[in-house]
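Pasted below: run.cif, mmCIF, C-alpha atoms.
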```
data_model
loop_
_atom_site.label_atom_id
_atom_site.label_comp_id
_atom_site.auth_asym_id
_atom_site.auth_seq_id
_atom_site.Cartn_x
_atom_site.Cartn_y
_atom_site.Cartn_z
CA MET U 1165 41.12 -123.93 -54.04
CA ALA U 1166 39.80 -120.76 -55.31
CA PHE U 1167 36.02 -120.27 -55.22
CA GLY U 1168 34.04 -119.15 -58.25
CA SER U 1169 36.26 -120.84 -60.85
CA ARG U 1170 34.78 -123.21 -63.48
CA PRO U 1171 36.04 -126.69 -63.70
CA THR U 1172 38.25 -127.59 -66.55
CA GLY U 1173 37.05 -130.04 -69.19
CA LYS U 1174 34.95 -129.86 -72.37
CA HIS U 1175 34.81 -126.45 -74.03
CA ARG U 1176 31.36 -124.86 -73.94
CA GLY U 1177 30.26 -122.45 -76.58
CA SER U 1178 29.27 -118.93 -75.80
CA SER U 1179 25.73 -118.46 -74.66
CA ARG U 1180 23.05 -116.88 -76.80
CA LEU U 1181 23.28 -113.76 -74.76
CA ASN U 1182 26.97 -113.58 -75.30
CA ARG U 1183 26.55 -114.04 -79.05
CA LYS U 1184 24.02 -111.25 -79.21
CA ALA U 1185 26.29 -109.03 -77.22
CA ALA U 1186 29.09 -109.76 -79.60
CA GLY U 1187 26.88 -108.94 -82.56
CA ILE U 1188 25.88 -105.64 -81.01
CA ALA U 1189 29.48 -104.87 -80.36
CA GLY U 1190 30.36 -105.63 -83.94
CA VAL U 1191 27.63 -103.38 -85.25
CA THR U 1192 28.78 -100.63 -82.94
CA ALA U 1193 32.34 -101.03 -84.14
CA LEU U 1194 31.35 -100.90 -87.81
CA ALA U 1195 29.15 -97.92 -87.23
CA ALA U 1196 32.07 -96.15 -85.59
CA THR U 1197 34.13 -96.61 -88.73
CA GLY U 1198 31.32 -95.33 -91.06
CA VAL U 1199 30.53 -98.69 -92.71
CA VAL U 1200 26.84 -99.58 -93.09
CA GLY U 1201 26.14 -102.69 -91.09
CA SER U 1202 24.20 -104.51 -93.71
CA LEU U 1203 26.66 -107.40 -93.65
CA ALA U 1204 26.02 -108.01 -89.95
CA ALA U 1205 22.28 -108.01 -90.36
CA PRO U 1206 21.93 -111.65 -91.32
CA ALA U 1207 23.85 -112.78 -88.26
CA PHE U 1208 21.70 -110.66 -86.06
CA ALA U 1209 18.51 -111.72 -87.73
CA ALA U 1210 19.42 -115.35 -87.34
CA ASP U 1211 18.89 -115.04 -83.60
CA THR U 1212 15.72 -112.97 -83.77
CA ALA U 1213 13.52 -114.49 -86.58
CA PRO U 1214 13.23 -117.62 -88.73
CA GLU U 1215 15.33 -117.71 -91.85
CA ARG U 1216 13.50 -116.05 -94.87
CA PHE U 1217 14.26 -114.12 -98.05
CA GLU U 1218 14.87 -110.51 -97.25
CA ASP U 1219 14.52 -107.73 -99.85
CA THR U 1220 17.70 -105.76 -99.43
CA GLY U 1221 17.20 -103.30 -102.26
CA LEU U 1222 19.92 -104.99 -104.28
CA ASN U 1223 17.47 -107.75 -105.06
CA THR U 1224 14.98 -105.17 -106.38
CA VAL U 1225 17.59 -103.75 -108.75
CA VAL U 1226 18.48 -107.20 -110.11
CA VAL U 1227 14.82 -108.12 -110.64
CA ALA U 1228 14.13 -104.80 -112.37
CA GLU U 1229 17.10 -105.24 -114.65
CA ASP U 1230 16.04 -108.82 -115.51
CA THR U 1231 12.46 -107.69 -116.24
CA ALA U 1232 13.67 -104.83 -118.40
CA GLY U 1233 15.85 -107.25 -120.36
CA GLN U 1234 12.92 -109.58 -120.91
CA ILE U 1235 10.72 -106.70 -122.07
CA GLU U 1236 13.44 -105.47 -124.43
CA ALA U 1237 13.95 -108.99 -125.85
CA GLN U 1238 10.22 -109.36 -126.30
CA ALA U 1239 10.03 -105.98 -128.04
CA VAL U 1240 12.89 -106.98 -130.37
CA SER U 1241 11.18 -110.29 -131.13
CA GLN U 1242 7.89 -108.54 -131.84
CA ALA U 1243 9.64 -105.99 -134.08
CA GLN U 1244 11.35 -108.78 -136.00
CA ALA U 1245 8.05 -110.63 -136.37
CA ALA U 1246 6.42 -107.43 -137.61
CA GLU U 1247 9.23 -106.90 -140.11
CA ILE U 1248 8.87 -110.49 -141.37
CA ALA U 1249 5.10 -110.13 -141.65
CA ALA U 1250 5.50 -106.84 -143.51
CA ALA U 1251 8.04 -108.39 -145.87
CA GLU U 1252 5.75 -111.36 -146.49
CA ALA U 1253 2.80 -109.05 -147.12
CA GLN U 1254 4.86 -106.95 -149.53
CA ALA U 1255 6.08 -110.08 -151.34
CA GLU U 1256 2.52 -111.37 -151.60
CA ALA U 1257 1.30 -108.00 -152.90
CA GLU U 1258 4.11 -107.88 -155.45
CA ALA U 1259 3.30 -111.45 -156.54
CA LYS U 1260 -0.36 -110.53 -156.96
CA GLN U 1261 0.65 -107.43 -158.91
CA ARG U 1262 2.88 -109.47 -161.20
CA ALA U 1263 0.12 -112.03 -161.68
CA ALA U 1264 -2.38 -109.26 -162.48
CA GLU U 1265 0.05 -107.71 -164.95
CA ALA U 1266 0.64 -111.12 -166.56
CA ARG U 1267 -3.12 -111.70 -166.84
CA ALA U 1268 -3.64 -108.24 -168.30
CA LYS U 1269 -0.82 -108.84 -170.79
CA ALA U 1270 -2.24 -112.25 -171.75
CA GLU U 1271 -5.74 -110.79 -172.11
CA ALA U 1272 -4.41 -107.92 -174.24
CA LYS U 1273 -2.52 -110.39 -176.42
CA ALA U 1274 -5.58 -112.63 -176.75
CA LYS U 1275 -7.71 -109.61 -177.59
CA ALA U 1276 -5.23 -108.44 -180.22
CA GLU U 1277 -5.15 -111.94 -181.70
CA ARG U 1278 -8.96 -112.11 -181.76
CA GLU U 1279 -9.19 -108.72 -183.40
CA ALA U 1280 -6.54 -109.68 -185.95
CA LYS U 1281 -8.40 -112.91 -186.67
CA GLU U 1282 -11.69 -111.06 -186.99
CA ARG U 1283 -10.11 -108.52 -189.35
CA ALA U 1284 -8.65 -111.34 -191.43
CA GLU U 1285 -12.02 -113.09 -191.52
CA ARG U 1286 -13.80 -109.86 -192.48
CA GLU U 1287 -11.24 -109.22 -195.18
CA ALA U 1288 -11.56 -112.77 -196.46
CA GLU U 1289 -15.34 -112.44 -196.46
CA ARG U 1290 -15.13 -109.07 -198.21
CA LYS U 1291 -12.91 -110.58 -200.89
CA ARG U 1292 -15.23 -113.56 -201.21
CA LEU U 1293 -18.24 -111.32 -201.66
CA LEU U 1294 -16.42 -109.24 -204.25
CA GLN U 1295 -15.14 -112.18 -206.23
CA PHE U 1296 -16.84 -113.70 -209.27
CA VAL U 1297 -17.08 -117.37 -210.23
CA SER U 1298 -18.15 -119.41 -213.24
CA PRO U 1299 -21.91 -120.19 -213.28
CA ILE U 1300 -21.18 -123.91 -213.86
CA ASP U 1301 -18.26 -125.33 -211.91
CA GLY U 1302 -15.76 -127.23 -214.08
CA SER U 1303 -17.69 -126.74 -217.31
CA TYR U 1304 -16.79 -125.20 -220.68
CA VAL U 1305 -18.42 -122.96 -223.30
CA SER U 1306 -20.23 -125.03 -225.92
CA THR U 1307 -21.68 -122.11 -227.96
CA GLN U 1308 -19.89 -118.79 -228.30
CA TYR U 1309 -21.28 -115.27 -228.01
CA LYS U 1310 -22.72 -113.84 -231.27
CA ALA U 1311 -22.79 -117.23 -232.95
CA GLY U 1312 -25.24 -117.05 -235.92
CA GLY U 1313 -28.22 -119.28 -236.61
CA ALA U 1314 -31.97 -119.51 -237.17
CA MET U 1315 -32.55 -120.55 -233.55
CA TRP U 1316 -32.12 -117.01 -232.30
CA SER U 1317 -34.69 -114.36 -233.11
CA SER U 1318 -32.03 -111.67 -233.30
CA GLY U 1319 -30.07 -113.77 -235.78
CA SER U 1320 -27.18 -114.31 -233.37
CA HIS U 1321 -26.50 -115.71 -229.93
CA THR U 1322 -26.93 -113.04 -227.21
CA GLY U 1323 -25.00 -115.02 -224.62
CA ILE U 1324 -22.87 -118.13 -224.23
CA ASP U 1325 -23.92 -121.71 -223.54
CA PHE U 1326 -22.22 -123.79 -220.83
CA HIS U 1327 -22.19 -127.53 -221.23
CA ALA U 1328 -24.28 -129.01 -218.39
CA ALA U 1329 -26.26 -132.19 -217.92
CA SER U 1330 -29.82 -131.79 -216.67
CA GLY U 1331 -29.90 -131.15 -212.90
CA THR U 1332 -26.43 -129.57 -212.67
CA SER U 1333 -26.07 -126.87 -209.99
CA VAL U 1334 -26.24 -123.35 -211.42
CA ARG U 1335 -24.44 -120.68 -209.36
CA ALA U 1336 -24.71 -116.91 -209.06
CA VAL U 1337 -21.51 -115.53 -210.56
CA GLY U 1338 -21.31 -112.67 -208.06
CA MET U 1339 -22.99 -110.91 -205.17
CA GLY U 1340 -26.26 -109.20 -206.01
CA VAL U 1341 -30.05 -109.11 -205.79
CA VAL U 1342 -32.47 -111.26 -207.78
CA VAL U 1343 -34.62 -108.98 -210.01
CA GLU U 1344 -36.32 -111.74 -212.03
CA ALA U 1345 -37.05 -115.38 -211.21
CA GLY U 1346 -39.57 -117.46 -213.20
CA TRP U 1347 -40.70 -118.18 -216.70
CA GLY U 1348 -38.95 -116.08 -219.35
CA GLY U 1349 -40.51 -117.19 -222.65
CA ALA U 1350 -37.79 -118.45 -225.00
CA TYR U 1351 -35.40 -118.48 -222.03
CA GLY U 1352 -37.63 -120.96 -220.18
CA ASN U 1353 -37.15 -120.88 -216.39
CA ASN U 1354 -34.67 -118.07 -215.89
CA VAL U 1355 -33.08 -115.84 -213.24
CA VAL U 1356 -31.75 -112.29 -213.65
CA ILE U 1357 -29.42 -110.83 -211.00
CA LYS U 1358 -28.36 -107.21 -210.53
CA HIS U 1359 -24.81 -107.04 -209.15
CA ASN U 1360 -23.21 -104.46 -206.88
CA ASP U 1361 -21.29 -102.86 -209.76
CA GLY U 1362 -24.54 -102.17 -211.63
CA SER U 1363 -24.17 -104.99 -214.16
CA TYR U 1364 -26.71 -107.82 -214.74
CA THR U 1365 -26.41 -111.53 -215.46
CA GLN U 1366 -29.06 -113.92 -216.80
CA TYR U 1367 -29.36 -117.71 -216.43
CA GLY U 1368 -31.78 -119.53 -218.80
CA HIS U 1369 -33.35 -122.90 -219.67
CA MET U 1370 -33.21 -124.18 -216.05
CA ASN U 1371 -35.35 -127.05 -214.81
CA SER U 1372 -35.95 -125.53 -211.34
CA LEU U 1373 -35.17 -122.36 -209.38
CA ASN U 1374 -33.96 -121.91 -205.81
CA VAL U 1375 -34.34 -118.14 -205.45
CA VAL U 1376 -37.07 -115.51 -205.53
CA VAL U 1377 -37.22 -111.87 -206.56
CA GLY U 1378 -35.65 -109.54 -204.00
CA GLN U 1379 -33.38 -112.22 -202.53
CA GLN U 1380 -29.74 -111.36 -201.81
CA VAL U 1381 -27.30 -113.85 -203.30
CA THR U 1382 -23.57 -114.38 -202.84
CA PRO U 1383 -20.86 -115.63 -205.21
CA GLY U 1384 -21.19 -119.37 -205.85
CA GLN U 1385 -24.63 -119.65 -204.24
CA GLN U 1386 -26.91 -122.15 -205.99
CA ILE U 1387 -29.82 -120.44 -207.71
CA GLY U 1388 -31.26 -123.42 -209.56
CA LEU U 1389 -30.65 -126.59 -211.59
CA SER U 1390 -29.84 -126.70 -215.29
CA GLY U 1391 -32.25 -128.14 -217.83
CA SER U 1392 -33.75 -127.61 -221.30
CA THR U 1393 -36.85 -125.45 -220.79
CA GLY U 1394 -37.96 -122.78 -223.29
CA ASN U 1395 -36.36 -122.51 -226.75
CA SER U 1396 -33.63 -125.11 -226.23
CA SER U 1397 -32.12 -127.93 -228.26
CA GLY U 1398 -31.01 -129.88 -225.20
CA PRO U 1399 -29.78 -129.57 -221.58
CA HIS U 1400 -27.35 -126.70 -221.07
CA LEU U 1401 -27.12 -123.28 -219.35
CA HIS U 1402 -27.64 -120.12 -221.34
CA PHE U 1403 -25.68 -117.31 -219.67
CA GLU U 1404 -25.82 -113.60 -220.54
CA ALA U 1405 -24.07 -110.48 -219.22
CA ARG U 1406 -25.96 -107.20 -219.58
CA THR U 1407 -25.73 -103.53 -218.85
CA GLY U 1408 -29.44 -103.47 -217.99
CA ALA U 1409 -32.18 -105.85 -216.91
CA ASP U 1410 -33.90 -106.14 -220.31
CA TYR U 1411 -33.21 -108.05 -223.46
CA GLY U 1412 -30.95 -106.25 -225.97
CA SER U 1413 -28.47 -104.82 -223.41
CA ASP U 1414 -26.18 -107.83 -223.69
CA ILE U 1415 -22.36 -107.62 -223.66
CA ASP U 1416 -19.68 -110.25 -224.26
CA PRO U 1417 -20.07 -112.71 -221.34
CA ILE U 1418 -16.53 -114.10 -221.61
CA SER U 1419 -14.96 -110.63 -221.48
CA TYR U 1420 -17.31 -109.77 -218.61
CA LEU U 1421 -16.31 -112.81 -216.54
CA ARG U 1422 -12.61 -112.37 -217.27
CA SER U 1423 -12.78 -108.70 -216.25
CA HIS U 1424 -14.05 -109.94 -212.88
CA GLY U 1425 -11.22 -112.43 -212.43
CA VAL U 1426 -12.89 -115.58 -213.73
CA SER U 1427 -10.65 -117.80 -215.84
CA ILE U 1428 -12.65 -119.10 -218.78
#
```
Would you mind writing the structure in this file as structure tokens?
Amino acid sequence: MAFGSRPTGKHRGSSRLNRKAAGIAGVTALAATGVVGSLAAPAFAADTAPERFEDTGLNTVVVAEDTAGQIEAQAVSQAQAAEIAAAEAQAEAEAKQRAAEARAKAEAKAKAEREAKERAEREAERKRLLQFVSPIDGSYVSTQYKAGGAMWSSGSHTGIDFHAASGTSVRAVGMGVVVEAGWGGAYGNNVVIKHNDGSYTQYGHMNSLNVVVGQQVTPGQQIGLSGSTGNSSGPHLHFEARTGADYGSDIDPISYLRSHGVSI
């Protein structure tokens, strides 16, 4: 029997020392060929320290690339959000601008309509003030101008008489200023008006008056109520047209009214 030989039987693994020696030998062999022994490092480290994550440099590159990608994605997302916000702000500004333009257009239209309406009203009022009307609405002439008779001191009628029951509204035939209002002798209670064209009209035999001297009157305005005061044979309105304020300046009342657009 030879001394120093191991008995045969179960195979025993290499000892720790042997494994380390083998690792060193492997590193030496790889170094001799010029290959960096980074691949052997884990095996070597397994025998010298507890297992842990080791920063090999490659890990750093991967982490840096991943972080850079996240930053780039975040920057893209932020840029997109900024673009959306800018587009929304522009759309809102444009909507406000359109609304402002629509309001301005509507206001301009409303203003133009108001001005047109005001012009129409002013024109209508101007025409109304320039128009002439009959002194008794819906009446007729009962005694003509220049009719003869003993009732009139001049020997003829200086005006025309309108049929009117006592208390009928007497109207100014046109715009003007009252120059006489009160008792007028044979005319009884009377009113004389000077009109804008320089002519005069007289209204006699009234029961009551509604105007005073100096008062401005408009066409159709009531100036009194008809009656039979003064030299009168019964209720009616004596109406004269004159070129002046005094008696004797009378002109044909029917021609006067017709020349001012009054149908009579």
Gly1340 of chain U proximity check over U:Gly1352, U:Phe1326, U:Arg1286, U:Gly1362, using only C-alpha atoms: winner is U:Gly1362
Exactly which residues make up the result of the PyMOL selection byres ((chain U and resi 1323) around 12) on this file, given as a VMD selection string?
chain U and resid 1305 to 1312 1316 1318 1320 to 1322 1324 to 1326 1351 1365 to 1368 1401 to 1406 1411 to 1420
Given the file shown, determine the residues that the PyMOL selection byres ((chain U and resi 1353) around 12) selects; report them as a VMD selection string.
chain U and resid 1344 to 1352 1354 to 1356 1366 to 1375 1387 to 1396 1401 to 1402
Coordinates-based distance that separates atom CA of Val1341 of chain U from atom CA of Gln1379 of chain U (Å, one decimal):
5.6 Å
Between atom CA of Gly1338 of chain U and atom CA of Arg1422 of chain U, what distance in Å does the model show, to one decimal?
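These two atoms are separated by 12.7 Å.
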Around (-26.7, -105.1, -215.6) in the file's frame, which residues reach within 6 Å when counting all atoms listed in the file? Return as a ChimeraX atom specification?
/U:1358,1362-1364,1406-1409
Using the chain letters and residue numbers of this document, give as a PyMOL selection string the residues selected by the PyMOL selection byres ((chain U and resi 1303) around 10).
chain U and resi 1298-1302+1304-1306+1326-1328+1428
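Distances from U:Gly1398, U:Gln1385, U:Arg1335, U:Phe1296 to Ser1427 of chain U were compared using all atoms listed in the file, and the smallest one belongs to U:Phe1296.
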What does the structure give for the distance between atom CA of Gly1331 of chain U and atom CA of Val1376 of chain U, in Å to one decimal?
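Taking atom CA of Gly1331 of chain U as the start and atom CA of Val1376 of chain U as the end point, the length is 18.7 Å.
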